[in-house]
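Peer 1: Below are the structure tokens for one structure; questions will follow.
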Amino acid sequence: MNRVLGLILAFAFLLPGCAGEDEPVVNVYSHRHYDTDQALFDRFAERTGIQVRVVSASADELMARLEREGPASPADLLITVDAGRLHRAKTRGLLQPVESDALAAAIPSHLRDPEGYWFGLTQRVRILAYSRDRVDPDELQDYEDLTDERWEERVLARTSENIYNVSHLASMVAALGPEAAEEWVQGMVANFARPPQGNDTDQLRDIAAGVGDVALVNSYYVGRLLNADDEASRELGRQVGIIFPNQDGRGAHVNISGVGVTAHAPNRAHAVQLMEFLVGEEAQQAFAEANFEYPVREGIDWAPTLREWGDFHADTLNLERLGEHNNEAVQIFDRAGWR
Ligand SMILES: [Fe+2]
């Protein structure tokens, strides 16, 4: 390539915002980094001629970048996990509303923002994982049961900084009120087997290692272990049983990975087209086969492990409420001493 052309191309990449609405491209800022996602973007490009360019980073980095770039941002879509984070992006002015019949038809209303700022792509359930050796699952039905004194020094959890815990507590604030939610946190703290630490997989490892007997984790972490390439991980997975909590009440807490169009998207129409593709049957089937999450769309076959776990009753609280109660949840964790 000659040097002048090289410089022109380099310059074009430095000014991605000037591409205009007609260029067949969608720029995605994504916190998900799964091979499936890339395969789906490739398929979308083949089908439509619209190229998908992906920038991968943590959710916080991507949001900081969107803020820094402002109207000059090349980003069209933000993909991240947890409705609490999507709500944060919305309130920081990083997203814009979208109206789409296809999105509304594909995604149950509680799994998308009522104002159209973000939409769920996959669902994950906050479950109770327990030691098959040391726990009788009949002793445990609801999140609230974990505060019973029978679980003293047996409960495992990660820190309250984690967005999964914040969103889950926000759902309890919405369902039970702030006082009952705080009492629950106090009861959890009283029953911890050790100070909160590690990620969801570490909680499962600590069940197998005998550090504690029951943990609060996202469903797909157990699915990953059970389907791991190495036998040691699969054995670890087999030592753990799972319970879908609150089946006789409000249902198990679900959260999403989701997507929203960025506030200054230069390729808005293509971005909406990509979102619609991602909730279509083909993409939802691919999501369902990867990472052991649940599709948002009805009528899609689940991964075999999820079919074995069976159907469950999910909390249908609109996930926007998680964002609304986010700050309150953080304060409750702080006051009640869940670090
Ligand atoms: Fe996760």
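Just so we're on the same page: first chain in the structure tokens is A, next is B, and so on; residues restart at 1 for each chain, and ligands are numbered from 1 in the order they show up.
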Could you give me, as a Markdown table, every chain A residue with an atom at most 9 Å from ligand 1, plus its closest atom pair and distance in Å to one decimal, counting only C-alpha atoms and all ligand atoms, rows ordered by chain then number?

Peer 2:
| residue | atom | partner | partner_atom_place_in_ligand_line | distance |
| --- | --- | --- | --- | --- |
| A:Val81 | CA | ligand 1 | 1 (Fe) | 7.7 |
| A:Arg124 | CA | ligand 1 | 1 (Fe) | 8.9 |
| A:Tyr164 | CA | ligand 1 | 1 (Fe) | 8.1 |
| A:Asn199 | CA | ligand 1 | 1 (Fe) | 8.3 |
| A:Asp200 | CA | ligand 1 | 1 (Fe) | 7.3 |
| A:Asn218 | CA | ligand 1 | 1 (Fe) | 7.0 |
| A:Tyr220 | CA | ligand 1 | 1 (Fe) | 7.9 |
| A:Tyr221 | CA | ligand 1 | 1 (Fe) | 7.4 |

Peer 1: Include N, CA and C atoms and write out the residues we just selected as an mmCIF file, in the first residue's frame.

Peer 2:
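Written out: again_1.cif:
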data_model
loop_
_atom_site.group_PDB
_atom_site.id
_atom_site.type_symbol
_atom_site.label_atom_id
_atom_site.label_comp_id
_atom_site.auth_asym_id
_atom_site.auth_seq_id
_atom_site.Cartn_x
_atom_site.Cartn_y
_atom_site.Cartn_z
ATOM 1 N N VAL A 81 -23.897 -6.777 30.179
ATOM 2 C CA VAL A 81 -24.712 -7.655 31.009
ATOM 3 C C VAL A 81 -25.231 -6.876 32.206
ATOM 4 N N ARG A 124 -30.466 -14.748 32.465
ATOM 5 C CA ARG A 124 -29.769 -15.584 33.435
ATOM 6 C C ARG A 124 -30.542 -15.535 34.749
ATOM 7 N N TYR A 164 -24.342 -8.170 40.023
ATOM 8 C CA TYR A 164 -25.361 -9.229 40.155
ATOM 9 C C TYR A 164 -26.020 -9.160 41.533
ATOM 10 N N ASN A 199 -15.393 -14.739 42.386
ATOM 11 C CA ASN A 199 -16.483 -14.599 41.420
ATOM 12 C C ASN A 199 -17.484 -15.736 41.621
ATOM 13 N N ASP A 200 -18.465 -15.842 40.752
ATOM 14 C CA ASP A 200 -19.497 -16.863 40.935
ATOM 15 C C ASP A 200 -18.899 -18.278 40.905
ATOM 16 N N ASN A 218 -25.207 -17.084 39.488
ATOM 17 C CA ASN A 218 -25.957 -17.099 38.233
ATOM 18 C C ASN A 218 -25.937 -18.511 37.650
ATOM 19 N N TYR A 220 -25.758 -19.864 34.734
ATOM 20 C CA TYR A 220 -24.888 -20.357 33.660
ATOM 21 C C TYR A 220 -23.521 -20.806 34.163
ATOM 22 N N TYR A 221 -23.124 -20.346 35.361
ATOM 23 C CA TYR A 221 -21.822 -20.804 35.891
ATOM 24 C C TYR A 221 -21.848 -22.292 36.206
#

Peer 1: Taking the DSSP assignment computed from this structure's backbone, write out as a list of chain:residue names all residues of region 195-297 of chain A that belong to strand (DSSP E).

Peer 2: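 Going through region 195-297 of chain A, the strand (DSSP E) residues come out as A:Val214, A:Ala215, A:Leu216, A:Val217, A:Asn218, A:Val240, A:Gly241, A:Ile242, A:Ile243, A:Val254, A:Asn255, A:Ile256, A:Ser257, A:Gly258, A:Val259, A:Gly260, A:Val261, A:Thr262, A:Tyr294, A:Pro295.
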
Peer 1: Write out as JSON, numbers by chain the residues lying within 8 Å of region 239-251 of chain A, counting only C-alpha atoms and excluding same-chain residues fewer than 4 positions away.

Peer 2: {"A": [126, 127, 128, 129, 130, 131, 132, 133, 137, 140, 141, 142, 143, 175, 204, 207, 208, 222, 235, 312, 313, 314, 315, 316]}

Peer 1: Name all residues at most 10 Å from Ile300 (chain A) (count only C-alpha atoms; drop same-chain ones fewer than 4 positions away) and give them as JSON, numbers by chain.

Peer 2: {"A": [281, 282, 284, 285, 286, 287, 288, 294, 295, 296]}

Peer 1: Next, dump the selected residues to file, keeping only N, CA and C atoms, as a PDB file, in the first residue's frame.

Peer 2:
ATOM      1  N   GLU A 281     -35.178 -15.718  15.521  1.00  0.00           N
ATOM      2  CA  GLU A 281     -35.097 -17.130  15.900  1.00  0.00           C
ATOM      3  C   GLU A 281     -33.689 -17.697  15.787  1.00  0.00           C
ATOM      4  N   GLU A 282     -33.028 -17.377  14.682  1.00  0.00           N
ATOM      5  CA  GLU A 282     -31.707 -17.942  14.433  1.00  0.00           C
ATOM      6  C   GLU A 282     -30.698 -17.522  15.506  1.00  0.00           C
ATOM      7  N   GLN A 284     -31.322 -16.232  18.495  1.00  0.00           N
ATOM      8  CA  GLN A 284     -31.744 -16.680  19.831  1.00  0.00           C
ATOM      9  C   GLN A 284     -31.407 -18.157  20.028  1.00  0.00           C
ATOM     10  N   GLN A 285     -31.517 -18.946  18.962  1.00  0.00           N
ATOM     11  CA  GLN A 285     -31.129 -20.353  19.039  1.00  0.00           C
ATOM     12  C   GLN A 285     -29.633 -20.476  19.325  1.00  0.00           C
ATOM     13  N   ALA A 286     -28.842 -19.643  18.660  1.00  0.00           N
ATOM     14  CA  ALA A 286     -27.386 -19.667  18.870  1.00  0.00           C
ATOM     15  C   ALA A 286     -27.039 -19.248  20.301  1.00  0.00           C
ATOM     16  N   PHE A 287     -27.698 -18.222  20.800  1.00  0.00           N
ATOM     17  CA  PHE A 287     -27.466 -17.798  22.196  1.00  0.00           C
ATOM     18  C   PHE A 287     -27.823 -18.939  23.149  1.00  0.00           C
ATOM     19  N   ALA A 288     -28.933 -19.631  22.841  1.00  0.00           N
ATOM     20  CA  ALA A 288     -29.412 -20.688  23.733  1.00  0.00           C
ATOM     21  C   ALA A 288     -28.430 -21.862  23.783  1.00  0.00           C
ATOM     22  N   TYR A 294     -30.555 -18.389  29.035  1.00  0.00           N
ATOM     23  CA  TYR A 294     -31.884 -18.622  28.483  1.00  0.00           C
ATOM     24  C   TYR A 294     -32.185 -17.570  27.416  1.00  0.00           C
ATOM     25  N   PRO A 295     -32.778 -17.990  26.292  1.00  0.00           N
ATOM     26  CA  PRO A 295     -33.162 -16.987  25.283  1.00  0.00           C
ATOM     27  C   PRO A 295     -34.250 -16.077  25.852  1.00  0.00           C
ATOM     28  N   VAL A 296     -34.369 -14.859  25.330  1.00  0.00           N
ATOM     29  CA  VAL A 296     -35.484 -14.008  25.753  1.00  0.00           C
ATOM     30  C   VAL A 296     -36.742 -14.352  24.951  1.00  0.00           C
TER      31      VAL A 296
END

Peer 1: Give me the region 29-93 of chain A side of the contact with region 272-280 of chain A, cut-off 12 Å, one line per residue showing its nearest atom pair and distance in Å at one decimal, counting only C-alpha atoms, sorted by chain and residue number, as a Markdown table.

Peer 2:
| residue | atom | partner | partner_atom | distance |
| --- | --- | --- | --- | --- |
| A:Thr36 | CA | A:Leu278 | CA | 11.3 |
| A:Asp37 | CA | A:Leu278 | CA | 9.2 |
| A:Gln38 | CA | A:Leu278 | CA | 11.6 |
| A:Ala39 | CA | A:Leu278 | CA | 11.5 |
| A:Leu40 | CA | A:Leu278 | CA | 7.9 |
| A:Phe41 | CA | A:Leu274 | CA | 8.3 |
| A:Asp42 | CA | A:Leu274 | CA | 11.2 |
| A:Arg43 | CA | A:Phe277 | CA | 9.9 |
| A:Phe44 | CA | A:Leu274 | CA | 7.3 |
| A:Ala45 | CA | A:Leu274 | CA | 9.4 |
| A:Arg47 | CA | A:Phe277 | CA | 10.2 |
| A:Thr48 | CA | A:Gln273 | CA | 9.3 |
| A:Gly49 | CA | A:Leu274 | CA | 11.5 |
| A:Ile50 | CA | A:Leu274 | CA | 8.9 |
| A:Gln51 | CA | A:Leu274 | CA | 10.2 |
| A:Val52 | CA | A:Leu274 | CA | 8.8 |
| A:Arg53 | CA | A:Leu274 | CA | 11.8 |
| A:Asp76 | CA | A:Val272 | CA | 9.1 |
| A:Leu77 | CA | A:Met275 | CA | 8.6 |
| A:Leu78 | CA | A:Met275 | CA | 10.6 |
| A:Ile79 | CA | A:Met275 | CA | 10.1 |

Peer 1: Do a neighbour search on Pro304 (chain A) at 10 Å with only C-alpha atoms, toss out local chain neighbours closer than 6 positions, and write the hits as a ChimeraX atom specification.

Peer 2: /A:223,288-289,292,310

Peer 1: If you count only C-alpha atoms, which residues fall within 10 Å of region 92-94 of chain A, apart from same-chain ones fewer than 3 positions away, as a list in words?

Peer 2: Met63, Ala64, Leu66, Glu67, Gly70, Pro71, Leu78, Leu86, His87, Arg88, Ala89, Tyr117, Gly260, Val261, Thr262, Ala263, His264 and Ala265 of chain A

Peer 1: Excluding Asp202 (chain A) and residues on its chain fewer than 6 positions from it, collect all residues at most 12 Å away from it, counting only C-alpha atoms, and give them as a list in words.

Peer 2: Ala129, Leu156, Ala157, Arg158, Thr159, Pro196, Ala208, Ala209, Val211, Gly212, Ala215, Leu216, Val217, Asn218, Tyr221, Val222, Leu225, Ser233, Leu236 and Gly237 of chain A

Peer 1: Name the closest residue to Gly84 (chain A) among the candidates A:Gly337, A:Pro97, A:Gly120, A:Gly210; distances are taken between atoms, counting only C-alpha atoms.

Peer 2: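 Looking only at the distances to Gly84 (chain A), the closest residue turns out to be A:Gly120.
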
Peer 1: Could you work out how far CA of Asn162 (chain A) lies from CA of Asp136 (chain A), giving the answer in Å with one decimal?

Peer 2: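 Pair CA of Asp136 (chain A) / CA of Asn162 (chain A) returns 28.4 Å.
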
Peer 1: When distances are computed from only C-alpha atoms, which of A:Asp148, A:Asp82, A:Glu46, A:Glu99 shows the smallest separation from Leu121 (chain A)?

Peer 2: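 Between A:Asp148, A:Asp82, A:Glu46, A:Glu99, the residue approaching Leu121 (chain A) most closely is A:Asp82.
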
Peer 1: Separation of CA of Gly198 (chain A) and CA of Leu176 (chain A), in Å?

Peer 2: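 The value is 27.8 Å.
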
Peer 1: Which of these, A:Val25, A:Leu103, A:Ala232, A:Met172, has the shortest distance to Arg205 (chain A) once you count only C-alpha atoms?

Peer 2: A:Ala232

Peer 1: Which residue gives the smallest distance to Val259 (chain A) among A:Ala83, A:Leu62, A:Val173, A:Ala57, with only C-alpha atoms counted?

Peer 2: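 Using only C-alpha atoms, the shortest distance to Val259 (chain A) belongs to A:Ala83.
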